[in-house]
file coords-v8.txt (compact mmCIF, C-alpha atoms and all ligand atoms)
# COMPACT_ATOMS: atom_id res chain seq x y z
CA MET T 1 -202.45 132.35 -247.38
CA HIS T 2 -200.66 130.14 -244.83
CA VAL T 3 -202.22 126.77 -245.33
CA ASP T 4 -199.55 124.14 -245.44
CA GLN T 5 -197.00 124.59 -242.69
CA ARG T 6 -195.39 121.22 -243.08
CA PRO T 7 -191.72 121.30 -243.95
CA PRO T 8 -190.68 119.57 -247.17
CA ASP T 9 -189.48 116.47 -245.32
CA GLY T 10 -193.08 115.72 -244.40
CA SER T 11 -192.73 115.87 -240.62
CA ASP T 12 -195.43 117.77 -238.81
CA THR T 13 -193.51 120.36 -236.83
CA LEU T 14 -196.46 122.05 -235.17
CA GLY T 15 -198.06 118.70 -234.44
CA LEU T 16 -194.95 117.48 -232.65
CA GLU T 17 -194.77 120.75 -230.74
CA GLY T 18 -198.39 120.35 -229.68
CA GLN T 19 -197.64 116.86 -228.43
CA TYR T 20 -194.25 117.35 -226.77
CA LEU T 21 -193.63 120.99 -225.83
CA ILE T 22 -194.61 122.45 -222.49
CA ARG T 23 -197.44 124.78 -223.40
CA SER T 24 -195.71 128.12 -222.92
CA TYR T 25 -195.97 129.37 -226.50
CA SER T 26 -198.60 129.31 -229.19
CA HIS T 27 -197.12 128.99 -232.67
CA SER T 28 -198.85 129.40 -236.02
CA ILE T 29 -195.95 129.99 -238.40
CA VAL T 30 -192.90 127.78 -238.87
CA ILE T 31 -189.97 129.96 -239.94
CA ASP T 32 -187.62 128.30 -242.35
CA ARG T 33 -185.01 130.94 -243.16
CA GLY T 34 -184.29 134.63 -243.16
CA GLU T 35 -182.47 137.19 -245.23
CA GLY T 36 -182.14 140.89 -244.45
CA CYS T 37 -185.49 142.20 -243.22
CA TYR T 38 -187.41 139.21 -244.58
CA MET T 39 -188.30 135.87 -243.07
CA TYR T 40 -189.69 132.93 -245.02
CA ASP T 41 -191.95 130.27 -243.56
CA ALA T 42 -191.85 126.57 -244.30
CA ALA T 43 -194.60 126.98 -246.89
CA GLY T 44 -192.52 129.59 -248.76
CA ASN T 45 -194.46 132.69 -247.67
CA ARG T 46 -192.40 135.84 -247.20
CA TYR T 47 -192.76 138.20 -244.23
CA LEU T 48 -191.38 141.71 -243.82
CA ASP T 49 -190.11 141.66 -240.26
CA PHE T 50 -190.93 144.60 -237.99
CA MET T 51 -190.20 142.60 -234.83
CA SER T 52 -186.68 141.26 -235.58
CA GLY T 53 -187.11 138.35 -233.20
CA ILE T 54 -188.13 140.71 -230.36
CA GLY T 55 -185.33 143.14 -231.02
CA VAL T 56 -182.60 140.55 -231.48
CA ASN T 57 -181.90 140.52 -235.23
CA ALA T 58 -180.73 144.12 -235.31
CA LEU T 59 -178.81 143.67 -238.56
CA GLY T 60 -181.57 141.60 -240.11
CA MET T 61 -180.97 137.97 -240.83
CA ALA T 62 -177.94 136.39 -242.46
CA HIS T 63 -175.92 139.62 -242.50
CA PRO T 64 -172.83 138.60 -244.52
CA ARG T 65 -170.28 139.90 -241.98
CA MET T 66 -172.10 138.28 -239.06
CA VAL T 67 -172.37 134.99 -240.92
CA GLN T 68 -168.69 135.07 -241.76
CA ALA T 69 -167.69 135.85 -238.16
CA MET T 70 -169.85 132.97 -236.96
CA HIS T 71 -168.36 130.53 -239.45
CA GLU T 72 -164.79 131.49 -238.65
CA GLN T 73 -165.33 131.25 -234.91
CA VAL T 74 -167.20 127.93 -235.07
CA ASP T 75 -164.16 126.44 -236.77
CA GLN T 76 -161.83 127.76 -234.09
CA LEU T 77 -163.57 127.66 -230.68
CA VAL T 78 -167.19 127.71 -229.53
CA HIS T 79 -166.98 127.24 -225.76
CA CYS T 80 -164.28 126.72 -223.18
CA SER T 81 -166.22 127.73 -220.00
CA ASN T 82 -165.20 130.54 -217.70
CA LEU T 83 -162.52 128.36 -216.14
CA TYR T 84 -160.32 129.70 -218.96
CA ALA T 85 -160.00 132.89 -220.94
CA HIS T 86 -160.57 133.16 -224.67
CA ALA T 87 -159.66 135.94 -227.06
CA HIS T 88 -162.98 137.80 -227.20
CA GLN T 89 -164.38 138.63 -223.73
CA GLY T 90 -161.72 141.23 -222.98
CA PRO T 91 -162.04 143.17 -226.25
CA LEU T 92 -165.85 142.99 -226.13
CA ALA T 93 -165.89 144.22 -222.52
CA GLU T 94 -163.62 147.11 -223.53
CA ARG T 95 -166.02 148.15 -226.30
CA LEU T 96 -169.05 148.02 -223.99
CA ALA T 97 -167.27 149.92 -221.23
CA LYS T 98 -166.17 152.66 -223.64
CA ALA T 99 -169.62 152.92 -225.26
CA SER T 100 -171.32 153.29 -221.85
CA ARG T 101 -168.65 155.25 -219.92
CA LEU T 102 -168.80 152.54 -217.25
CA GLN T 103 -165.91 150.31 -216.27
CA ARG T 104 -166.53 146.57 -215.96
CA VAL T 105 -168.60 143.87 -217.63
CA PHE T 106 -170.07 140.47 -216.71
CA PHE T 107 -171.44 138.35 -219.58
CA THR T 108 -174.71 136.39 -219.35
CA ASN T 109 -176.94 134.36 -221.67
CA SER T 110 -180.10 136.43 -221.49
CA GLY T 111 -181.78 139.57 -220.28
CA ALA T 112 -183.32 137.90 -217.26
CA GLU T 113 -179.91 136.62 -216.22
CA CYS T 114 -178.62 140.20 -216.38
CA ILE T 115 -181.44 141.39 -214.14
CA GLU T 116 -180.69 138.55 -211.71
CA GLY T 117 -177.04 139.55 -211.55
CA ALA T 118 -177.86 143.23 -211.16
CA ILE T 119 -180.19 142.42 -208.26
CA LYS T 120 -177.45 140.38 -206.60
CA ILE T 121 -175.12 143.35 -206.95
CA ALA T 122 -177.78 145.69 -205.51
CA LYS T 123 -178.34 143.38 -202.53
CA GLY T 124 -174.63 142.94 -201.95
CA HIS T 125 -174.16 146.70 -202.10
CA GLY T 126 -176.99 147.35 -199.62
CA ARG T 127 -175.81 144.68 -197.22
CA LYS T 128 -172.42 146.33 -196.89
CA ILE T 129 -174.24 149.33 -195.44
CA SER T 130 -177.08 147.79 -193.43
CA ALA T 131 -179.05 144.53 -193.16
CA ASP T 132 -182.26 146.46 -193.95
CA LYS T 133 -180.94 148.05 -197.13
CA TYR T 134 -182.37 145.61 -199.67
CA GLU T 135 -185.31 147.51 -201.20
CA ILE T 136 -185.58 147.97 -204.93
CA VAL T 137 -187.71 150.66 -206.51
CA ALA T 138 -189.07 149.66 -209.93
CA LEU T 139 -191.83 150.80 -212.26
CA ASN T 140 -195.38 149.69 -212.89
CA ASN T 141 -195.68 148.06 -216.33
CA SER T 142 -191.98 147.30 -216.45
CA PHE T 143 -190.60 143.97 -217.65
CA GLY T 144 -187.50 142.26 -216.32
CA GLY T 145 -187.79 138.75 -217.73
CA ARG T 146 -189.23 135.42 -216.61
CA THR T 147 -186.95 134.12 -213.87
CA LEU T 148 -187.95 134.52 -210.24
CA ALA T 149 -185.96 137.62 -209.33
CA ALA T 150 -186.74 139.15 -212.72
CA ILE T 151 -190.50 138.76 -212.24
CA ALA T 152 -190.10 140.16 -208.73
CA VAL T 153 -189.05 143.50 -210.31
CA THR T 154 -191.61 143.24 -213.13
CA GLY T 155 -194.43 145.70 -212.55
CA GLN T 156 -197.15 143.48 -213.97
CA GLU T 157 -199.37 141.53 -211.58
CA LYS T 158 -200.05 138.74 -214.10
CA HIS T 159 -196.37 137.76 -214.18
CA ARG T 160 -195.83 137.98 -210.41
CA GLU T 161 -198.97 136.76 -208.71
CA PRO T 162 -198.82 133.05 -209.70
CA PHE T 163 -195.34 132.71 -208.19
CA GLU T 164 -195.61 134.64 -204.95
CA PRO T 165 -194.01 134.89 -202.46
CA LEU T 166 -191.15 136.50 -204.41
CA ILE T 167 -188.09 138.33 -203.12
CA PRO T 168 -189.24 140.96 -200.61
CA GLY T 169 -188.76 144.69 -200.66
CA VAL T 170 -189.68 145.64 -204.22
CA LYS T 171 -191.69 148.87 -204.47
CA PHE T 172 -193.48 149.80 -207.69
CA ILE T 173 -194.29 153.34 -208.73
CA ASP T 174 -195.69 154.83 -211.94
CA ALA T 175 -193.30 155.84 -214.71
CA ASN T 176 -192.47 159.56 -214.62
CA ASP T 177 -194.16 160.08 -211.23
CA VAL T 178 -191.46 162.17 -209.54
CA ALA T 179 -193.42 162.61 -206.30
CA ALA T 180 -193.92 158.84 -205.96
CA LEU T 181 -190.23 158.32 -206.64
CA GLU T 182 -189.30 160.75 -203.88
CA SER T 183 -191.49 159.00 -201.34
CA ALA T 184 -190.44 155.47 -202.41
CA VAL T 185 -186.67 155.99 -202.19
CA GLY T 186 -185.06 156.15 -198.77
CA GLU T 187 -182.17 154.90 -196.68
CA ASN T 188 -183.24 151.27 -197.16
CA THR T 189 -183.24 151.52 -200.94
CA ALA T 190 -180.52 149.36 -202.48
CA ALA T 191 -181.36 150.18 -206.09
CA ILE T 192 -183.60 152.13 -208.43
CA LEU T 193 -184.20 150.11 -211.58
CA PHE T 194 -185.98 151.16 -214.77
CA GLU T 195 -185.99 150.99 -218.56
CA PRO T 196 -185.32 154.36 -220.26
CA ILE T 197 -188.18 153.41 -222.58
CA LEU T 198 -190.55 150.73 -221.27
CA GLY T 199 -190.66 148.16 -224.07
CA GLU T 200 -193.20 145.51 -223.08
CA GLY T 201 -194.98 148.22 -221.09
CA GLY T 202 -196.04 150.04 -224.28
CA ILE T 203 -193.02 152.09 -225.49
CA VAL T 204 -193.36 154.56 -222.63
CA GLN T 205 -190.49 157.07 -222.53
CA ILE T 206 -189.03 158.11 -219.21
CA ASP T 207 -188.46 161.85 -219.16
CA ARG T 208 -185.26 163.55 -218.16
CA GLU T 209 -186.75 165.10 -215.06
CA PHE T 210 -187.65 161.68 -213.63
CA ALA T 211 -184.27 160.18 -214.55
CA ALA T 212 -182.40 163.15 -213.04
CA LYS T 213 -184.41 162.83 -209.82
CA ALA T 214 -183.65 159.11 -209.70
CA ALA T 215 -179.94 159.85 -210.09
CA GLU T 216 -180.09 162.52 -207.38
CA LEU T 217 -181.96 160.26 -204.93
CA ALA T 218 -179.66 157.32 -205.66
CA ARG T 219 -176.67 159.49 -204.84
CA LYS T 220 -178.28 160.93 -201.71
CA HIS T 221 -179.25 157.52 -200.28
CA ASP T 222 -176.31 155.54 -201.64
CA ALA T 223 -178.54 153.34 -203.78
CA LEU T 224 -177.48 151.96 -207.14
CA LEU T 225 -179.06 153.41 -210.27
CA ILE T 226 -179.70 150.59 -212.73
CA PHE T 227 -180.88 151.11 -216.31
CA ASP T 228 -182.46 148.15 -218.03
CA GLU T 229 -181.34 148.69 -221.63
CA ILE T 230 -182.05 145.11 -222.67
CA GLN T 231 -184.50 146.34 -225.30
CA THR T 232 -183.46 149.99 -225.75
CA GLY T 233 -179.74 149.34 -225.84
CA LEU T 234 -177.10 149.00 -228.51
CA GLY T 235 -178.25 151.43 -231.17
CA ARG T 236 -181.99 150.85 -231.34
CA THR T 237 -182.85 154.42 -230.33
CA GLY T 238 -180.03 155.95 -232.38
CA LYS T 239 -177.42 156.00 -229.62
CA HIS T 240 -175.57 153.09 -228.06
CA PHE T 241 -177.74 153.46 -224.97
CA ALA T 242 -181.07 155.25 -224.74
CA TYR T 243 -180.15 157.02 -221.48
CA GLN T 244 -177.48 158.92 -223.46
CA TRP T 245 -180.25 161.02 -225.02
CA TRP T 246 -180.76 162.62 -221.60
CA ASN T 247 -177.19 163.91 -221.80
CA ASP T 248 -177.24 164.92 -225.46
CA PRO T 249 -175.78 168.43 -225.87
CA GLY T 250 -178.23 168.94 -228.72
CA ARG T 251 -180.91 169.23 -226.07
CA ASN T 252 -180.01 172.88 -225.73
CA GLU T 253 -179.53 172.79 -222.00
CA SER T 254 -177.18 174.95 -220.01
CA ALA T 255 -173.73 173.41 -219.70
CA ASP T 256 -173.96 173.13 -215.92
CA VAL T 257 -176.62 170.41 -216.05
CA GLU T 258 -175.04 167.31 -214.62
CA PRO T 259 -175.00 164.28 -216.89
CA ILE T 260 -177.11 161.34 -215.75
CA LEU T 261 -174.91 158.28 -215.28
CA PRO T 262 -176.14 154.92 -214.00
CA ASP T 263 -174.12 152.60 -211.78
CA ILE T 264 -175.21 149.61 -213.84
CA ILE T 265 -176.56 149.09 -217.36
CA VAL T 266 -177.91 145.71 -218.41
CA THR T 267 -178.23 144.94 -222.10
CA ALA T 268 -178.84 141.83 -224.14
CA LYS T 269 -181.26 141.41 -227.02
CA PRO T 270 -179.26 142.45 -230.11
CA LEU T 271 -175.80 141.97 -228.59
CA GLY T 272 -175.05 138.44 -229.81
CA GLY T 273 -176.46 138.77 -233.30
CA GLY T 274 -179.00 136.03 -232.54
CA LEU T 275 -176.78 134.04 -230.19
CA PRO T 276 -177.75 134.21 -226.51
CA LEU T 277 -175.63 136.93 -224.94
CA GLY T 278 -176.21 139.64 -222.37
CA ALA T 279 -173.98 142.02 -220.46
CA ILE T 280 -174.04 143.62 -217.02
CA ILE T 281 -172.00 146.80 -217.38
CA ALA T 282 -171.05 148.42 -214.09
CA ASN T 283 -168.98 151.19 -212.59
CA GLU T 284 -166.18 150.26 -210.19
CA LYS T 285 -168.40 150.78 -207.14
CA ALA T 286 -171.10 148.34 -208.31
CA ALA T 287 -168.64 145.92 -209.89
CA GLY T 288 -166.71 145.77 -206.62
CA VAL T 289 -169.61 143.94 -204.97
CA ILE T 290 -168.78 140.86 -207.03
CA THR T 291 -165.76 139.23 -205.46
CA PRO T 292 -164.11 136.11 -206.94
CA GLY T 293 -166.39 133.06 -206.80
CA ILE T 294 -169.56 134.86 -205.77
CA HIS T 295 -171.18 134.95 -209.22
CA GLY T 296 -170.67 133.04 -212.44
CA SER T 297 -172.09 131.32 -215.49
CA THR T 298 -171.20 128.18 -217.41
CA PHE T 299 -172.22 129.44 -220.84
CA GLY T 300 -172.13 133.22 -220.38
CA GLY T 301 -169.78 135.02 -222.73
CA ASN T 302 -168.67 132.05 -224.74
CA ALA T 303 -166.18 132.52 -227.55
CA LEU T 304 -168.70 132.28 -230.37
CA ALA T 305 -171.21 134.75 -228.94
CA CYS T 306 -168.52 137.27 -227.95
CA ARG T 307 -166.77 137.14 -231.31
CA VAL T 308 -170.07 137.79 -233.09
CA ALA T 309 -170.93 140.60 -230.66
CA ILE T 310 -167.66 142.38 -231.49
CA GLU T 311 -168.57 142.16 -235.16
CA PHE T 312 -172.02 143.55 -234.36
CA LEU T 313 -170.63 146.52 -232.42
CA ASP T 314 -168.11 147.26 -235.19
CA ILE T 315 -170.92 147.38 -237.75
CA LEU T 316 -173.13 149.40 -235.39
CA ASP T 317 -170.60 152.25 -235.16
CA GLY T 318 -171.14 153.01 -238.85
CA LEU T 319 -174.87 152.49 -238.70
CA LEU T 320 -175.95 155.01 -236.02
CA PRO T 321 -176.52 157.97 -238.40
CA GLN T 322 -178.70 155.76 -240.61
CA ILE T 323 -180.72 154.55 -237.60
CA ASN T 324 -181.44 158.16 -236.66
CA GLU T 325 -182.47 159.12 -240.20
CA THR T 326 -184.62 156.04 -240.68
CA GLY T 327 -186.08 156.45 -237.21
CA ASP T 328 -187.09 160.07 -237.88
CA TYR T 329 -188.70 159.05 -241.15
CA PHE T 330 -190.50 156.15 -239.45
CA GLY T 331 -191.77 158.47 -236.72
CA SER T 332 -193.07 161.04 -239.20
CA GLN T 333 -194.84 158.40 -241.31
CA LEU T 334 -196.49 156.95 -238.21
CA HIS T 335 -197.51 160.45 -237.25
CA GLY T 336 -199.44 160.64 -240.52
CA LEU T 337 -201.65 157.83 -239.22
CA VAL T 338 -202.28 159.78 -236.01
CA GLU T 339 -203.48 162.75 -238.05
CA LYS T 340 -205.70 160.58 -240.22
CA TYR T 341 -207.42 158.30 -237.70
CA ASP T 342 -208.82 159.51 -234.41
CA PHE T 343 -208.43 156.07 -232.79
CA VAL T 344 -204.66 156.35 -233.34
CA GLN T 345 -203.60 158.55 -230.45
CA GLY T 346 -199.90 159.11 -230.73
CA VAL T 347 -196.45 157.97 -231.80
CA ARG T 348 -194.07 156.74 -229.12
CA GLY T 349 -190.42 155.83 -228.93
CA ARG T 350 -187.28 156.85 -230.71
CA GLY T 351 -185.12 155.60 -233.55
CA VAL T 352 -186.34 152.22 -234.69
CA MET T 353 -188.05 151.43 -231.39
CA ARG T 354 -191.54 152.69 -232.09
CA GLY T 355 -195.13 152.32 -231.05
CA ILE T 356 -198.51 153.83 -231.81
CA ASN T 357 -201.12 153.77 -229.11
CA LEU T 358 -204.70 153.12 -230.07
CA THR T 359 -207.88 153.87 -228.17
CA VAL T 360 -208.86 150.19 -228.70
CA PRO T 361 -207.06 146.83 -228.35
CA GLY T 362 -204.55 146.26 -231.14
CA LYS T 363 -204.37 142.47 -231.26
CA SER T 364 -206.50 142.07 -234.39
CA VAL T 365 -204.22 144.44 -236.30
CA VAL T 366 -201.30 142.08 -235.64
CA GLY T 367 -203.22 139.23 -237.28
CA GLN T 368 -204.28 141.35 -240.24
CA CYS T 369 -200.70 142.49 -240.77
CA GLN T 370 -199.53 138.87 -240.65
CA GLU T 371 -202.03 137.96 -243.37
CA ARG T 372 -200.48 140.72 -245.47
CA GLY T 373 -196.98 139.35 -244.82
CA LEU T 374 -195.95 141.90 -242.18
CA LEU T 375 -194.79 140.94 -238.69
CA ILE T 376 -195.61 143.40 -235.91
CA ASN T 377 -196.64 143.00 -232.30
CA CYS T 378 -199.09 144.46 -229.81
CA THR T 379 -198.07 145.22 -226.25
CA ALA T 380 -199.79 146.72 -223.22
CA ASP T 381 -203.06 145.80 -224.99
CA THR T 382 -203.44 148.96 -227.08
CA VAL T 383 -199.94 149.72 -228.35
CA LEU T 384 -198.74 148.46 -231.72
CA ARG T 385 -195.03 147.93 -231.33
CA PHE T 386 -192.40 148.01 -234.06
CA LEU T 387 -188.81 146.84 -233.52
CA PRO T 388 -187.55 146.45 -237.09
CA PRO T 389 -183.96 145.58 -237.92
CA TYR T 390 -181.74 148.70 -237.91
CA ILE T 391 -181.22 148.22 -241.65
CA ILE T 392 -184.91 148.70 -242.48
CA GLU T 393 -185.38 150.90 -245.58
CA ARG T 394 -187.80 153.72 -246.30
CA GLY T 395 -189.63 151.67 -248.93
CA GLN T 396 -190.20 148.92 -246.39
CA ILE T 397 -191.50 151.43 -243.85
CA ASP T 398 -193.84 152.74 -246.57
CA GLU T 399 -195.09 149.19 -247.06
CA LEU T 400 -195.99 148.90 -243.38
CA ILE T 401 -197.63 152.32 -243.29
CA GLY T 402 -199.64 151.44 -246.42
CA ALA T 403 -200.87 148.21 -244.85
CA LEU T 404 -201.81 149.93 -241.58
CA ASP T 405 -203.59 152.64 -243.56
CA GLU T 406 -205.65 149.99 -245.40
CA ILE T 407 -206.48 148.19 -242.16
CA PHE T 408 -207.37 151.38 -240.29
CA ALA T 409 -209.50 152.62 -243.20
CA GLN T 410 -211.97 149.80 -242.38
CA GLY T 411 -212.64 151.46 -239.03
CA PRO T 412 -211.36 151.05 -235.48
CA PRO T 413 -209.89 147.56 -234.92
CA GLU T 414 -212.07 145.22 -232.90
C1 LIG V 501 -186.61 141.14 -223.09
C2 LIG V 501 -186.40 141.94 -221.88
C3 LIG V 501 -185.93 141.38 -220.69
C4 LIG V 501 -185.72 139.90 -220.53
O1 LIG V 501 -184.81 139.39 -221.43
P1 LIG V 501 -184.76 137.80 -221.75
O2 LIG V 501 -183.57 137.66 -222.66
O3 LIG V 501 -186.05 137.46 -222.41
O4 LIG V 501 -184.59 137.11 -220.46
C5 LIG V 501 -185.71 142.22 -219.62
N1 LIG V 501 -185.92 143.54 -219.71
C6 LIG V 501 -186.35 144.12 -220.84
C7 LIG V 501 -186.54 145.59 -220.89
C8 LIG V 501 -186.63 143.33 -221.96
O5 LIG V 501 -187.10 143.91 -223.07
call {"tool": "encode", "arguments": {"input": "coords-v8.txt", "output": "structure tokens"}}
result
Amino acid sequence: MHVDQRPPDGSDTLGLEGQYLIRSYSHSIVIDRGEGCYMYDAAGNRYLDFMSGIGVNALGMAHPRMVQAMHEQVDQLVHCSNLYAHAHQGPLAERLAKASRLQRVFFTNSGAECIEGAIKIAKGHGRKISADKYEIVALNNSFGGRTLAAIAVTGQEKHREPFEPLIPGVKFIDANDVAALESAVGENTAAILFEPILGEGGIVQIDREFAAKAAELARKHDALLIFDEIQTGLGRTGKHFAYQWWNDPGRNESADVEPILPDIIVTAKPLGGGLPLGAIIANEKAAGVITPGIHGSTFGGNALACRVAIEFLDILDGLLPQINETGDYFGSQLHGLVEKYDFVQGVRGRGVMRGINLTVPGKSVVGQCQERGLLINCTADTVLRFLPPYIIERGQIDELIGALDEIFAQGPPE
């Protein structure tokens, strides 16, 4: 199906990449343009996108309001550096603070840069108390990004080992292992850091019991509780932040259960509507660690990205009910595959952040889906991961389920 990948101007994009790019990626498709939940390659093939650029294109591609906001802002101001204020950081910070119930925001260009900043805050916080209080407790199979401090808190040997020695004092425990959490956290813990749902780690949900224990231990030992909502955040699970499900009154818990509130949330992927933008959202205690001049960014929070992010959050407010409905439908359709095929073990995730775990590696399914014009991904070896745009429709979900059904009907993937 995808034979000629050369763009119409005759230049050989993939050839040039092969010759001149550092070999960090392996590309087979050249994307030319996108609209809604579809992407088109340079040869004119259409793909239904269940990855949304790794969770970035939350409103699909070329959303009219996002495009208009971008155009207007490009004409007015793109960048002025953080030596000066522009009109959009303040209002965007207000929206993020109100959505999270935290107080202050620092803008970055990526998820990893958020993790870096959060670690600096954790270290600064610990240092105020004692020189030995620099430990960070993180989870096995977590992912924090590719920079040095971010890989130091990434619970995957393959990302860490080639670059050791990394920053000291990071302890890894298994997700949802409350006993391990209790023995890992102590007076030298500066922060407990985890994703409410591990994304790269295979859509593994953290349960309330574990999160509540983390909050309790963080309070007891004066450590910061940091939620990495870079992938789960900003509507993907049906709430602004995934941790808010732990406090949902619909959970039928007695009213005296204390809400779980982090000291810091980091978020990024969908925030800038495709422009590089992340946010460290902190309470006053954590934010107070950053004094003038101690942290900064040349590009972070530029006028264009912030303006577009405000547009995104405005649209998101009206979209949350739809994300929940679509997400429930998606979950139930995936569940049908679990019932039908014994090598499909279960459905994971919430909203439009979904996975199915197989008893066998899932990589070949990704390729077969791509041949059928469907973009999905496999993570943690055996988990097929789906991060479609929030605007995905039932008919498009049916299309994916139909394709998976056809592929699975041939037997367990090899
Ligand atoms: C993607 C991701 C990161 C890293 O973000 P980058 O923008 O790629 O640096 C960190 N944490 C989680 C949970 C992520 O999904």
call {"tool": "residues_near_ligand", "arguments": {"input": "coords-v8.txt", "ligand": "ligand LIG 501 (chain V)", "cutoff": "10 Å", "atoms": "only C-alpha atoms and all ligand atoms", "output": "ChimeraX atom specification"}}
result
/T:54-56,108-116,142-147,150-151,153-154,194-201,227-233,266-270,276-278
call {"tool": "closest_residue", "arguments": {"input": "coords-v8.txt", "among": "T:Ile294, T:Ile29, T:Ile397, T:Leu225", "to": "Asp41 in chain T", "atoms": "only C-alpha atoms"}}
result
T:Ile29
call {"tool": "axis_aligned_box", "arguments": {"input": "coords-v8.txt", "around": "range 162-172 of chain T", "padding_each_side": "3 Å", "output": "AutoDock Vina command-line options"}}
result
--center_x -193.5 --center_y 141.3 --center_z -205.2 --size_x 16.7 --size_y 23.1 --size_z 15.1
call {"tool": "atom_distance", "arguments": {"input": "coords-v8.txt", "atom1": "CA of Arg385 in chain T", "atom2": "CA of Leu358 in chain T"}}
result
11.0 Å
call {"tool": "closest_residue", "arguments": {"input": "coords-v8.txt", "among": "T:Ile192, T:Leu148, T:Ala179, T:Ile121", "to": "Ile167 in chain T", "atoms": "all atoms listed in the file"}}
result
T:Leu148
call {"tool": "residues_around", "arguments": {"input": "coords-v8.txt", "residues": "Phe312 in chain T", "least_positions_apart": "4", "cutoff": "7 Å", "atoms": "only C-alpha atoms", "output": "number ranges by chain"}}
result
T: 273, 308, 316
call {"tool": "residues_near_point", "arguments": {"input": "coords-v8.txt", "point": "(-172.3, 146.4, -225.7)", "cutoff": "12 Å", "atoms": "only C-alpha atoms", "output": "NGL selection string"}}
result
:T and (89 or 91-102 or 104-107 or 229-230 or 232-235 or 239-241 or 265-273 or 277-282 or 306 or 308-314 or 316-317)
call {"tool": "closest_residue", "arguments": {"input": "coords-v8.txt", "among": "T:Ser332, T:Gln156, T:Ser81, T:Asn302", "to": "Asp174 in chain T", "atoms": "all atoms listed in the file"}}
result
T:Gln156
call {"tool": "closest_residue", "arguments": {"input": "coords-v8.txt", "among": "T:Phe210, T:Tyr20, T:Tyr329, T:Trp245", "to": "Asp177 in chain T", "atoms": "only C-alpha atoms"}}
result
T:Phe210
call {"tool": "atom_distance", "arguments": {"input": "coords-v8.txt", "atom1": "CA of Lys158 in chain T", "atom2": "CA of Gly126 in chain T"}}
result
28.6 Å
call {"tool": "atom_distance", "arguments": {"input": "coords-v8.txt", "atom1": "CA of Asp49 in chain T", "atom2": "CA of Leu375 in chain T"}}
result
5.0 Å
call {"tool": "closest_residue", "arguments": {"input": "coords-v8.txt", "among": "T:Asp75, T:Glu325, T:Glu161, T:Glu187", "to": "Ile129 in chain T", "atoms": "all atoms listed in the file"}}
result
T:Glu187
call {"tool": "residues_around", "arguments": {"input": "coords-v8.txt", "residues": "Gly53 in chain T", "least_positions_apart": "3", "cutoff": "12 Å", "atoms": "all atoms listed in the file", "output": "PyMOL selection string"}}
result
chain T and resi 31+34+37-39+48-50+56-61+231+269-270+273-275+375-377+386-389
call {"tool": "residues_around", "arguments": {"input": "coords-v8.txt", "residues": "Asp263 in chain T", "least_positions_apart": "4", "cutoff": "10 Å", "atoms": "only C-alpha atoms", "output": "list in words"}}
result
Leu102, Gln103, Ala191, Ala215, Ala218, Ala223, Leu224, Leu225, Ile226, Phe227, Ile281, Ala282, Asn283, Glu284, Lys285, Ala286 and Ala287 of chain T
call {"tool": "write_last_selection", "arguments": {"input": "coords-v8.txt", "atoms": "C-alpha atoms", "output": "PDB file, in the coordinates of the input"}}
result
ATOM      1  CA  LEU T 102    -168.800 152.540-217.250  1.00  0.00           C
ATOM      2  CA  GLN T 103    -165.910 150.310-216.270  1.00  0.00           C
ATOM      3  CA  ALA T 191    -181.360 150.180-206.090  1.00  0.00           C
ATOM      4  CA  ALA T 215    -179.940 159.850-210.090  1.00  0.00           C
ATOM      5  CA  ALA T 218    -179.660 157.320-205.660  1.00  0.00           C
ATOM      6  CA  ALA T 223    -178.540 153.340-203.780  1.00  0.00           C
ATOM      7  CA  LEU T 224    -177.480 151.960-207.140  1.00  0.00           C
ATOM      8  CA  LEU T 225    -179.060 153.410-210.270  1.00  0.00           C
ATOM      9  CA  ILE T 226    -179.700 150.590-212.730  1.00  0.00           C
ATOM     10  CA  PHE T 227    -180.880 151.110-216.310  1.00  0.00           C
ATOM     11  CA  ILE T 281    -172.000 146.800-217.380  1.00  0.00           C
ATOM     12  CA  ALA T 282    -171.050 148.420-214.090  1.00  0.00           C
ATOM     13  CA  ASN T 283    -168.980 151.190-212.590  1.00  0.00           C
ATOM     14  CA  GLU T 284    -166.180 150.260-210.190  1.00  0.00           C
ATOM     15  CA  LYS T 285    -168.400 150.780-207.140  1.00  0.00           C
ATOM     16  CA  ALA T 286    -171.100 148.340-208.310  1.00  0.00           C
ATOM     17  CA  ALA T 287    -168.640 145.920-209.890  1.00  0.00           C
TER      18      ALA T 287
END
call {"tool": "residues_near_point", "arguments": {"input": "coords-v8.txt", "point": "(-186.9, 141.2, -196.7)", "cutoff": "10 Å", "atoms": "all atoms listed in the file", "output": "list in words"}}
result
Ala131, Asp132, Lys133, Tyr134, Glu135, Leu166, Ile167, Pro168, Gly169 and Val170 of chain T
call {"tool": "residues_around", "arguments": {"input": "coords-v8.txt", "residues": "Val338 in chain T", "least_positions_apart": "4", "cutoff": "12 Å", "atoms": "only C-alpha atoms", "output": "MDAnalysis selection string"}}
result
chainID T and resid 331:334 342:348 355:359 401 404:405 408
call {"tool": "residues_around", "arguments": {"input": "coords-v8.txt", "residues": "Met70 in chain T", "least_positions_apart": "4", "cutoff": "7 Å", "atoms": "all atoms listed in the file", "output": "list of chain:residue names"}}
result
T:Met66, T:Val74, T:Leu304, T:Val308
call {"tool": "closest_residue", "arguments": {"input": "coords-v8.txt", "among": "T:Ile260, T:Ile323, T:Ile206, T:Val383", "to": "Arg219 in chain T", "atoms": "all atoms listed in the file"}}
result
T:Ile260
